[in-house]
$ cat final.cif   # mmCIF, C-alpha atoms and all ligand atoms
data_run
#
loop_
_atom_site.group_PDB
_atom_site.id
_atom_site.type_symbol
_atom_site.label_atom_id
_atom_site.label_comp_id
_atom_site.auth_asym_id
_atom_site.auth_seq_id
_atom_site.Cartn_x
_atom_site.Cartn_y
_atom_site.Cartn_z
ATOM 1 C CA MET A 14 0.000 0.000 0.000
ATOM 2 C CA GLY A 15 1.082 3.622 -0.459
ATOM 3 C CA LYS A 16 2.260 6.303 1.930
ATOM 4 C CA PHE A 17 -1.186 6.444 3.584
ATOM 5 C CA LYS A 18 -3.498 3.489 4.116
ATOM 6 C CA ASN A 19 -6.655 5.621 4.433
ATOM 7 C CA LEU A 20 -7.464 9.319 4.768
ATOM 8 C CA ILE A 21 -10.110 9.578 7.461
ATOM 9 C CA SER A 22 -9.096 12.538 9.612
ATOM 10 C CA ILE A 23 -6.608 15.396 9.646
ATOM 11 C CA HIS A 24 -5.791 14.157 13.163
ATOM 12 C CA ASP A 25 -4.065 11.148 11.601
ATOM 13 C CA LEU A 26 -1.597 13.369 9.688
ATOM 14 C CA SER A 27 1.670 14.865 10.941
ATOM 15 C CA ARG A 28 3.083 18.169 9.694
ATOM 16 C CA GLU A 29 5.459 16.124 7.497
ATOM 17 C CA ASP A 30 2.501 14.250 5.987
ATOM 18 C CA ILE A 31 0.655 17.511 5.283
ATOM 19 C CA ASP A 32 3.746 19.118 3.741
ATOM 20 C CA LEU A 33 4.238 16.044 1.559
ATOM 21 C CA ILE A 34 0.628 16.278 0.304
ATOM 22 C CA LEU A 35 0.968 20.024 -0.393
ATOM 23 C CA ASP A 36 4.308 19.562 -2.195
ATOM 24 C CA THR A 37 2.853 16.698 -4.243
ATOM 25 C CA ALA A 38 -0.183 18.865 -5.106
ATOM 26 C CA ALA A 39 2.185 21.539 -6.465
ATOM 27 C CA LYS A 40 3.814 18.874 -8.679
ATOM 28 C CA MET A 41 0.344 17.834 -9.890
ATOM 29 C CA GLU A 42 -0.316 21.304 -11.401
ATOM 30 C CA ASP A 43 1.638 20.255 -14.483
ATOM 31 C CA VAL A 44 0.330 16.662 -14.555
ATOM 32 C CA ALA A 45 -3.251 17.960 -14.319
ATOM 33 C CA VAL A 46 -2.778 19.787 -17.610
ATOM 34 C CA LYS A 47 -0.705 17.168 -19.450
ATOM 35 C CA ARG A 48 -2.551 14.144 -17.933
ATOM 36 C CA SER A 49 -0.953 10.859 -16.930
ATOM 37 C CA THR A 50 -1.716 7.154 -17.047
ATOM 38 C CA ASP A 51 -0.172 6.375 -13.633
ATOM 39 C CA LEU A 52 -3.418 5.036 -12.146
ATOM 40 C CA HIS A 53 -4.685 3.349 -15.353
ATOM 41 C CA ASP A 54 -5.126 0.064 -13.465
ATOM 42 C CA LYS A 55 -7.130 1.581 -10.583
ATOM 43 C CA ILE A 56 -10.870 1.980 -10.074
ATOM 44 C CA MET A 57 -12.221 4.558 -7.629
ATOM 45 C CA ALA A 58 -15.727 4.153 -6.155
ATOM 46 C CA VAL A 59 -17.457 7.361 -5.027
ATOM 47 C CA LEU A 60 -20.222 6.725 -2.488
ATOM 48 C CA PHE A 61 -22.035 9.990 -1.821
ATOM 49 C CA PHE A 62 -24.806 9.583 0.743
ATOM 50 C CA GLU A 63 -25.070 13.397 0.939
ATOM 51 C CA ALA A 64 -25.277 16.199 -1.630
ATOM 52 C CA SER A 65 -22.060 17.321 -3.305
ATOM 53 C CA THR A 66 -20.968 19.270 -6.355
ATOM 54 C CA ARG A 67 -17.278 20.142 -5.959
ATOM 55 C CA THR A 68 -15.986 17.291 -3.840
ATOM 56 C CA ARG A 69 -17.379 14.503 -5.994
ATOM 57 C CA LEU A 70 -16.639 16.120 -9.340
ATOM 58 C CA SER A 71 -13.105 17.153 -8.362
ATOM 59 C CA PHE A 72 -12.332 13.628 -7.120
ATOM 60 C CA GLU A 73 -13.605 12.292 -10.437
ATOM 61 C CA SER A 74 -11.685 14.896 -12.417
ATOM 62 C CA ALA A 75 -8.528 14.061 -10.414
ATOM 63 C CA MET A 76 -8.885 10.331 -11.086
ATOM 64 C CA HIS A 77 -9.557 10.846 -14.819
ATOM 65 C CA ARG A 78 -6.462 13.080 -15.128
ATOM 66 C CA LEU A 79 -4.387 10.261 -13.595
ATOM 67 C CA GLY A 80 -5.774 7.737 -16.062
ATOM 68 C CA GLY A 81 -7.958 5.806 -13.593
ATOM 69 C CA SER A 82 -11.614 4.787 -13.772
ATOM 70 C CA VAL A 83 -14.554 5.885 -11.659
ATOM 71 C CA LEU A 84 -17.852 4.341 -10.573
ATOM 72 C CA GLY A 85 -20.334 5.221 -7.876
ATOM 73 C CA PHE A 86 -23.529 6.971 -6.864
ATOM 74 C CA SER A 87 -24.534 10.402 -5.692
ATOM 75 C CA ASP A 88 -28.250 9.773 -5.209
ATOM 76 C CA VAL A 89 -28.617 7.596 -2.137
ATOM 77 C CA MET A 90 -32.270 6.954 -2.962
ATOM 78 C CA SER A 91 -31.121 4.937 -5.973
ATOM 79 C CA THR A 92 -29.223 2.506 -3.723
ATOM 80 C CA SER A 93 -30.108 -0.454 -1.531
ATOM 81 C CA ALA A 94 -28.757 1.449 1.479
ATOM 82 C CA GLY A 95 -31.191 4.303 0.826
ATOM 83 C CA VAL A 96 -34.257 2.269 -0.118
ATOM 84 C CA LYS A 97 -33.966 -1.291 1.203
ATOM 85 C CA GLY A 98 -32.202 -0.724 4.513
ATOM 86 C CA GLU A 99 -28.799 -2.194 3.690
ATOM 87 C CA THR A 100 -26.194 -1.385 6.341
ATOM 88 C CA LEU A 101 -23.103 0.712 5.668
ATOM 89 C CA ALA A 102 -20.939 -2.313 6.524
ATOM 90 C CA ASP A 103 -22.646 -4.464 3.880
ATOM 91 C CA THR A 104 -22.460 -1.688 1.280
ATOM 92 C CA ILE A 105 -18.705 -1.371 1.909
ATOM 93 C CA ARG A 106 -18.165 -5.159 1.831
ATOM 94 C CA THR A 107 -19.816 -5.105 -1.595
ATOM 95 C CA VAL A 108 -18.106 -2.070 -3.105
ATOM 96 C CA GLU A 109 -14.611 -3.187 -2.032
ATOM 97 C CA ARG A 110 -15.093 -6.051 -4.477
ATOM 98 C CA TYR A 111 -15.662 -3.618 -7.353
ATOM 99 C CA ALA A 112 -13.026 -0.959 -6.703
ATOM 100 C CA ASP A 113 -9.450 -0.321 -5.518
ATOM 101 C CA LEU A 114 -10.399 2.733 -3.463
ATOM 102 C CA ILE A 115 -13.556 4.046 -1.788
ATOM 103 C CA VAL A 116 -14.352 7.753 -1.420
ATOM 104 C CA ILE A 117 -17.288 8.225 0.936
ATOM 105 C CA ARG A 118 -19.452 11.143 2.091
ATOM 106 C CA HIS A 119 -22.021 10.342 4.755
ATOM 107 C CA PRO A 120 -24.224 12.370 7.138
ATOM 108 C CA LEU A 121 -23.065 10.575 10.287
ATOM 109 C CA ASP A 122 -20.008 11.520 12.355
ATOM 110 C CA GLY A 123 -17.629 8.556 12.430
ATOM 111 C CA SER A 124 -19.043 7.008 9.235
ATOM 112 C CA ALA A 125 -15.788 7.101 7.253
ATOM 113 C CA ARG A 126 -13.897 5.426 10.094
ATOM 114 C CA VAL A 127 -16.553 2.679 10.233
ATOM 115 C CA ALA A 128 -16.289 2.256 6.458
ATOM 116 C CA ALA A 129 -12.494 1.873 6.756
ATOM 117 C CA GLU A 130 -12.921 -0.829 9.401
ATOM 118 C CA PHE A 131 -14.999 -2.919 7.013
ATOM 119 C CA SER A 132 -12.944 -2.218 3.893
ATOM 120 C CA SER A 133 -9.916 -4.060 2.592
ATOM 121 C CA VAL A 134 -9.262 -1.222 0.121
ATOM 122 C CA PRO A 135 -8.261 2.342 1.128
ATOM 123 C CA VAL A 136 -11.044 4.706 2.219
ATOM 124 C CA ILE A 137 -11.013 8.485 1.831
ATOM 125 C CA ASN A 138 -13.376 10.591 3.918
ATOM 126 C CA ALA A 139 -15.131 13.120 1.660
ATOM 127 C CA GLY A 140 -17.145 14.564 4.584
ATOM 128 C CA SER A 141 -18.440 12.768 7.674
ATOM 129 C CA GLY A 142 -21.353 14.510 9.393
ATOM 130 C CA ALA A 143 -20.406 17.790 11.063
ATOM 131 C CA GLU A 144 -17.123 16.338 12.197
ATOM 132 C CA GLU A 145 -14.491 16.359 9.448
ATOM 133 C CA HIS A 146 -13.727 16.955 5.785
ATOM 134 C CA PRO A 147 -9.990 16.289 5.567
ATOM 135 C CA THR A 148 -9.511 16.592 1.802
ATOM 136 C CA GLN A 149 -11.222 20.010 1.861
ATOM 137 C CA GLY A 150 -8.957 21.053 4.762
ATOM 138 C CA LEU A 151 -5.944 19.982 2.697
ATOM 139 C CA LEU A 152 -7.073 21.846 -0.408
ATOM 140 C CA ASP A 153 -7.680 24.912 1.755
ATOM 141 C CA LEU A 154 -4.134 24.646 3.154
ATOM 142 C CA TYR A 155 -2.810 24.214 -0.381
ATOM 143 C CA SER A 156 -4.803 27.275 -1.517
ATOM 144 C CA ILE A 157 -3.347 29.380 1.303
ATOM 145 C CA LYS A 158 0.195 28.235 0.518
ATOM 146 C CA LYS A 159 -0.219 28.782 -3.237
ATOM 147 C CA MET A 160 -1.887 32.176 -2.943
ATOM 148 C CA LYS A 161 0.133 33.604 -0.020
ATOM 149 C CA GLY A 162 3.423 31.778 -0.691
ATOM 150 C CA LYS A 163 3.526 30.383 2.869
ATOM 151 C CA ILE A 164 1.386 29.335 5.823
ATOM 152 C CA ASP A 165 3.704 30.116 8.748
ATOM 153 C CA GLY A 166 3.367 33.649 10.074
ATOM 154 C CA LEU A 167 -0.165 34.300 8.791
ATOM 155 C CA THR A 168 -3.232 35.582 10.666
ATOM 156 C CA ILE A 169 -6.310 33.637 9.585
ATOM 157 C CA SER A 170 -9.976 34.281 10.426
ATOM 158 C CA LEU A 171 -12.270 31.240 10.346
ATOM 159 C CA CYS A 172 -15.829 32.570 10.125
ATOM 160 C CA GLY A 173 -19.461 31.478 10.107
ATOM 161 C CA ASP A 174 -20.799 28.145 11.316
ATOM 162 C CA LEU A 175 -17.880 26.805 13.340
ATOM 163 C CA LYS A 176 -20.080 24.341 15.226
ATOM 164 C CA TYR A 177 -21.596 22.300 12.399
ATOM 165 C CA GLY A 178 -19.137 23.233 9.619
ATOM 166 C CA ARG A 179 -16.880 20.233 9.090
ATOM 167 C CA THR A 180 -14.418 22.031 6.825
ATOM 168 C CA VAL A 181 -13.348 24.454 9.570
ATOM 169 C CA HIS A 182 -12.668 21.554 11.928
ATOM 170 C CA SER A 183 -10.295 19.924 9.455
ATOM 171 C CA LEU A 184 -8.716 23.219 8.359
ATOM 172 C CA GLY A 185 -8.308 24.451 11.953
ATOM 173 C CA MET A 186 -6.551 21.234 12.993
ATOM 174 C CA GLY A 187 -4.367 21.319 9.881
ATOM 175 C CA LEU A 188 -3.404 24.946 10.512
ATOM 176 C CA SER A 189 -2.448 24.156 14.085
ATOM 177 C CA HIS A 190 0.673 22.381 12.775
ATOM 178 C CA TYR A 191 1.928 25.771 11.533
ATOM 179 C CA ASN A 192 2.971 28.957 13.278
ATOM 180 C CA VAL A 193 -0.265 30.912 12.704
ATOM 181 C CA LYS A 194 -2.660 33.164 14.575
ATOM 182 C CA ILE A 195 -6.281 32.055 14.331
ATOM 183 C CA ARG A 196 -9.319 34.240 14.890
ATOM 184 C CA LEU A 197 -12.585 32.322 15.263
ATOM 185 C CA ALA A 198 -15.630 34.420 14.359
ATOM 186 C CA ALA A 199 -19.100 32.933 14.846
ATOM 187 C CA PRO A 200 -22.512 33.799 16.236
ATOM 188 C CA PRO A 201 -22.474 32.742 19.941
ATOM 189 C CA SER A 202 -24.680 29.687 19.254
ATOM 190 C CA LEU A 203 -22.338 28.441 16.491
ATOM 191 C CA ARG A 204 -18.935 28.734 18.167
ATOM 192 C CA MET A 205 -16.366 26.020 17.657
ATOM 193 C CA LYS A 206 -16.625 23.214 20.227
ATOM 194 C CA PRO A 207 -14.294 23.831 23.200
ATOM 195 C CA ALA A 208 -12.609 20.441 22.627
ATOM 196 C CA VAL A 209 -11.504 21.496 19.122
ATOM 197 C CA VAL A 210 -10.346 24.928 20.345
ATOM 198 C CA ASP A 211 -8.383 23.299 23.192
ATOM 199 C CA GLU A 212 -6.745 20.914 20.778
ATOM 200 C CA MET A 213 -5.585 23.814 18.605
ATOM 201 C CA LYS A 214 -4.293 25.724 21.628
ATOM 202 C CA LYS A 215 -2.447 22.635 22.891
ATOM 203 C CA LYS A 216 -0.428 22.687 19.684
ATOM 204 C CA GLY A 217 0.794 26.119 20.809
ATOM 205 C CA ILE A 218 -0.968 28.440 18.357
ATOM 206 C CA SER A 219 -2.778 31.629 19.312
ATOM 207 C CA VAL A 220 -6.579 31.275 19.079
ATOM 208 C CA GLU A 221 -8.894 34.217 19.660
ATOM 209 C CA GLN A 222 -12.724 34.087 19.619
ATOM 210 C CA VAL A 223 -14.888 36.992 18.437
ATOM 211 C CA ASP A 224 -18.643 37.405 17.872
ATOM 212 C CA SER A 225 -18.870 39.618 14.797
ATOM 213 C CA ILE A 226 -17.803 39.478 11.185
ATOM 214 C CA GLU A 227 -16.374 43.014 11.471
ATOM 215 C CA GLU A 228 -13.778 41.805 13.985
ATOM 216 C CA ALA A 229 -12.778 38.998 11.613
ATOM 217 C CA VAL A 230 -12.544 41.062 8.435
ATOM 218 C CA SER A 231 -9.911 43.547 9.535
ATOM 219 C CA GLU A 232 -6.672 45.068 8.303
ATOM 220 C CA ASP A 233 -4.362 42.775 10.261
ATOM 221 C CA VAL A 234 -5.805 39.594 8.710
ATOM 222 C CA ASP A 235 -4.139 37.713 5.814
ATOM 223 C CA VAL A 236 -6.821 35.087 5.114
ATOM 224 C CA ILE A 237 -10.575 35.186 5.705
ATOM 225 C CA TYR A 238 -12.209 31.743 5.488
ATOM 226 C CA GLN A 239 -15.970 32.246 5.400
ATOM 227 C CA THR A 240 -18.449 29.340 5.707
ATOM 228 C CA ARG A 241 -22.133 28.652 5.161
ATOM 229 C CA ILE A 242 -24.523 28.227 8.089
ATOM 230 C CA GLN A 243 -25.193 24.459 7.849
ATOM 231 C CA LYS A 244 -29.003 24.574 7.748
ATOM 232 C CA GLU A 245 -29.368 20.810 7.263
ATOM 233 C CA ARG A 246 -27.596 20.035 10.560
ATOM 234 C CA PHE A 247 -29.861 22.059 12.866
ATOM 235 C CA GLY A 248 -32.153 19.928 15.041
ATOM 236 C CA ASP A 249 -34.562 22.860 15.390
ATOM 237 C CA ILE A 250 -35.104 25.039 12.311
ATOM 238 C CA ARG A 251 -36.084 27.996 14.559
ATOM 239 C CA GLU A 252 -32.476 28.035 15.786
ATOM 240 C CA TYR A 253 -31.320 28.312 12.167
ATOM 241 C CA ASP A 254 -33.755 31.166 11.508
ATOM 242 C CA LYS A 255 -32.252 33.098 14.433
ATOM 243 C CA VAL A 256 -28.773 33.117 12.858
ATOM 244 C CA ALA A 257 -29.533 32.924 9.112
ATOM 245 C CA GLY A 258 -28.320 35.891 7.121
ATOM 246 C CA GLN A 259 -26.571 37.498 10.107
ATOM 247 C CA PHE A 260 -22.965 36.701 9.468
ATOM 248 C CA LYS A 261 -22.365 38.212 6.045
ATOM 249 C CA ILE A 262 -19.328 39.703 4.346
ATOM 250 C CA THR A 263 -20.415 42.809 2.440
ATOM 251 C CA LYS A 264 -18.401 44.814 -0.059
ATOM 252 C CA LYS A 265 -18.013 47.515 2.607
ATOM 253 C CA ASP A 266 -16.453 44.963 5.007
ATOM 254 C CA ALA A 267 -14.165 43.519 2.325
ATOM 255 C CA GLU A 268 -12.889 46.944 1.301
ATOM 256 C CA LYS A 269 -11.319 47.260 4.763
ATOM 257 C CA LEU A 270 -8.975 44.374 3.962
ATOM 258 C CA ARG A 271 -5.416 44.833 2.803
ATOM 259 C CA LYS A 272 -4.983 44.447 -0.968
ATOM 260 C CA ASP A 273 -2.935 41.248 -0.479
ATOM 261 C CA ALA A 274 -5.455 39.589 1.856
ATOM 262 C CA ILE A 275 -7.494 36.703 0.444
ATOM 263 C CA ILE A 276 -11.089 35.614 1.028
ATOM 264 C CA LEU A 277 -11.696 31.853 0.768
ATOM 265 C CA HIS A 278 -14.881 29.778 1.112
ATOM 266 C CA PRO A 279 -15.303 25.999 0.672
ATOM 267 C CA LEU A 280 -18.577 26.708 -1.219
ATOM 268 C CA PRO A 281 -21.487 26.385 -1.762
ATOM 269 C CA ARG A 282 -22.268 29.981 -0.845
ATOM 270 C CA VAL A 283 -25.811 30.919 0.108
ATOM 271 C CA ASP A 284 -25.769 34.578 1.145
ATOM 272 C CA GLU A 285 -22.809 34.832 3.528
ATOM 273 C CA ILE A 286 -20.643 36.658 0.969
ATOM 274 C CA ASP A 287 -22.462 39.348 -1.027
ATOM 275 C CA SER A 288 -22.089 38.749 -4.754
ATOM 276 C CA ASP A 289 -20.605 42.226 -5.293
ATOM 277 C CA VAL A 290 -17.560 41.066 -3.283
ATOM 278 C CA ASP A 291 -16.770 38.599 -6.103
ATOM 279 C CA SER A 292 -15.148 41.258 -8.302
ATOM 280 C CA LEU A 293 -12.715 42.438 -5.585
ATOM 281 C CA PRO A 294 -9.087 41.234 -5.922
ATOM 282 C CA GLN A 295 -9.276 39.604 -2.490
ATOM 283 C CA ALA A 296 -12.132 37.267 -3.530
ATOM 284 C CA ARG A 297 -10.329 34.002 -4.353
ATOM 285 C CA TYR A 298 -12.980 31.342 -3.643
ATOM 286 C CA PHE A 299 -13.494 30.351 -7.258
ATOM 287 C CA ASP A 300 -9.709 30.001 -7.765
ATOM 288 C CA GLN A 301 -9.735 27.824 -4.638
ATOM 289 C CA VAL A 302 -12.127 25.396 -6.377
ATOM 290 C CA TYR A 303 -9.492 24.289 -8.918
ATOM 291 C CA ASN A 304 -7.037 23.505 -6.137
ATOM 292 C CA GLY A 305 -9.402 20.672 -5.184
ATOM 293 C CA VAL A 306 -8.383 18.858 -8.366
ATOM 294 C CA VAL A 307 -4.604 18.975 -7.852
ATOM 295 C CA THR A 308 -4.827 18.323 -4.094
ATOM 296 C CA ARG A 309 -7.005 15.259 -4.688
ATOM 297 C CA MET A 310 -4.659 14.079 -7.457
ATOM 298 C CA ALA A 311 -1.834 14.286 -4.898
ATOM 299 C CA ILE A 312 -3.850 12.284 -2.354
ATOM 300 C CA LEU A 313 -4.702 9.599 -4.928
ATOM 301 C CA LYS A 314 -1.069 9.351 -6.070
ATOM 302 C CA LEU A 315 0.221 9.053 -2.510
ATOM 303 C CA LEU A 316 -2.374 6.437 -1.573
ATOM 304 C CA PHE A 317 -1.224 4.239 -4.418
ATOM 305 C CA SER A 318 2.516 5.012 -4.370
ATOM 306 C CA ASP A 319 5.067 2.650 -2.842
ATOM 307 C CA ALA A 320 7.064 5.474 -1.234
HETATM 308 C C1 LIG B 401 -18.652 21.756 2.266
HETATM 309 C C2 LIG B 401 -19.183 20.479 2.908
HETATM 310 O O1 LIG B 401 -19.797 19.643 2.245
HETATM 311 O O2 LIG B 401 -18.903 20.334 4.095
HETATM 312 N N1 LIG B 401 -18.685 21.733 0.884
HETATM 313 C C3 LIG B 401 -17.606 21.240 0.201
HETATM 314 O O3 LIG B 401 -17.283 20.069 0.280
HETATM 315 N N2 LIG B 401 -16.892 22.102 -0.536
HETATM 316 C C4 LIG B 401 -19.197 22.990 2.838
HETATM 317 C C5 LIG B 401 -20.695 23.199 2.940
HETATM 318 O O4 LIG B 401 -21.487 22.367 2.539
HETATM 319 O O5 LIG B 401 -21.052 24.276 3.413
#

$ encode --input "final.cif" --output "structure tokens"
Amino acid sequence: MGKFKNLISIHDLSREDIDLILDTAAKMEDVAVKRSTDLHDKIMAVLFFEASTRTRLSFESAMHRLGGSVLGFSDVMSTSAGVKGETLADTIRTVERYADLIVIRHPLDGSARVAAEFSSVPVINAGSGAEEHPTQGLLDLYSIKKMKGKIDGLTISLCGDLKYGRTVHSLGMGLSHYNVKIRLAAPPSLRMKPAVVDEMKKKGISVEQVDSIEEAVSEDVDVIYQTRIQKERFGDIREYDKVAGQFKITKKDAEKLRKDAIILHPLPRVDEIDSDVDSLPQARYFDQVYNGVVTRMAILKLLFSDA
């Protein structure tokens, strides 16, 4: 097996592992354009039990650019798990017989780890509940490094739904391997869980918590990472209504940023970044999207390499 057996959580990666993935992603920029046949003998299964546009399509694009094949589903209601009550374990024990790698997105925390326990082929977590989204965290780190030239020394605001947003959990843990200052900006009911904050602080980085978007979008910040309020994860929709539309970046806010600051977002956006911000030089979220292809190519290569 390759450098990594599975990719379930950012917690399983060291700084050296993360740097290796980011360096390999940089090498993939050229391969992505020229294409390769390195993984011509590999089949990737994509099991998406939850909605996705970018994650699934960029995994597929990454695999095609490396010469591999893809099969899978993105509509759970077309599967035996969705309609007939098949367990996740049985679905995995079936799919491992069709593919050399499983990429899974599932609404339950811990689902990717369970899938890996039942699978004899590598498993990549493409989003497990509100808990983690490690490949998004890695592409976010790659985006920061590519756009800012470094990660160490930066001040980064993570904004929006820090409670249910899985991307900020993975990105925050990934960033904690570097020498960064983190500002967490969320409505009080959507703050990051104390356990995650403590874990970041234990790694020795400075973590500050604020309650307004204005405090996050300020002149001393290098990277703003805005996120969507995760409507589908609220137990009580009235709680969502209380915070919906409150934590927005407007053009007026963004104009306070330094010219070399960048605004990122894992997407999809609902209304948390006004569309007139898109034309500002700091708005880099659509450039960030492409980095998902090269980062996922790097992950696929490393999973199957003998290094
Ligand atoms: C994110 C997700 O699914 O967690 N999307 C993505 O993968 N780029 C963010 C979100 O849905 O808000």

$ residues_around --input "final.cif" --residues "stretch 57-71 of chain A" --least-positions-apart "3" --cutoff "10 Å" --atoms "all atoms listed in the file" --output "ChimeraX atom specification"
/A:52,74-77,81-90,92,94-95,104-105,108-109,111-121,135-137,139-142,146,148-149,279-281,302-310,313

$ atom_distance --input "final.cif" --atom1 "atom CA of A:Gly166" --atom2 "atom CA of A:Glu232"
15.3 Å

$ atom_distance --input "final.cif" --atom1 "atom CA of A:Ala198" --atom2 "atom CA of A:Val230"
9.4 Å

$ atom_distance --input "final.cif" --atom1 "atom CA of A:Ser231" --atom2 "atom CA of A:Arg196"
10.8 Å

$ resolve_selection --input "final.cif" --expression "the PyMOL selection byres (((chain A and resi 291-295) around 8) and not hetatm)" --output "mmCIF file with C-alpha atoms, keeping the file's coordinate frame"
data_model
loop_
_atom_site.group_PDB
_atom_site.id
_atom_site.type_symbol
_atom_site.label_atom_id
_atom_site.label_comp_id
_atom_site.auth_asym_id
_atom_site.auth_seq_id
_atom_site.Cartn_x
_atom_site.Cartn_y
_atom_site.Cartn_z
ATOM 1 C CA ALA A 267 -14.165 43.519 2.325
ATOM 2 C CA LYS A 272 -4.983 44.447 -0.968
ATOM 3 C CA ASP A 273 -2.935 41.248 -0.479
ATOM 4 C CA ALA A 274 -5.455 39.589 1.856
ATOM 5 C CA ILE A 275 -7.494 36.703 0.444
ATOM 6 C CA ILE A 276 -11.089 35.614 1.028
ATOM 7 C CA ASP A 287 -22.462 39.348 -1.027
ATOM 8 C CA SER A 288 -22.089 38.749 -4.754
ATOM 9 C CA ASP A 289 -20.605 42.226 -5.293
ATOM 10 C CA VAL A 290 -17.560 41.066 -3.283
ATOM 11 C CA ALA A 296 -12.132 37.267 -3.530
ATOM 12 C CA ARG A 297 -10.329 34.002 -4.353
#

$ resolve_selection --input "final.cif" --expression "the PyMOL selection byres (((chain A and resi 246) around 10) and not hetatm)" --output "list in words"
Pro120, Gly142, Ala143, Lys176, Tyr177, Gly178, Ile242, Gln243, Lys244, Glu245, Phe247, Gly248, Asp249, Ile250 and Tyr253 of chain A

$ resolve_selection --input "final.cif" --expression "the PyMOL selection byres (((chain A and resi 23) around 12) and not hetatm)" --output "NGL selection string"
:A and (19-22 or 24-28 or 30-31 or 34 or 137-140 or 144-152 or 154 or 179-190)

$ closest_residue --input "final.cif" --among "A:Leu101, A:Ile157, A:Val236, A:Val283" --to "ligand LIG 401 (chain B)" --atoms "all atoms listed in the file"
A:Val283

$ closest_residue --input "final.cif" --among "A:Glu212, A:Asp51, A:Glu29, A:Asp43" --to "A:Lys314" --atoms "all atoms listed in the file"
A:Asp51

$ closest_residue --input "final.cif" --among "A:Leu33, A:Val234, A:Leu175, A:Val209" --to "A:Leu197" --atoms "all atoms listed in the file"
A:Leu175

$ axis_aligned_box --input "final.cif" --around "stretch 273-288 of chain A" --padding-each-side "8 Å" --output "JSON"
{"center_x": -14.4, "center_y": 33.6, "center_z": -0.6, "size_x": 38.9, "size_y": 31.2, "size_z": 24.3}

$ closest_residue --input "final.cif" --among "A:Gln259, A:Gln222, A:Thr100, A:Gln239" --to "A:Gly173" --atoms "all atoms listed in the file"
A:Gln239

$ closest_residue --input "final.cif" --among "A:Leu277, A:Ile262, A:Val223, A:Ile56" --to "ligand LIG 401 (chain B)" --atoms "all atoms listed in the file"
A:Leu277
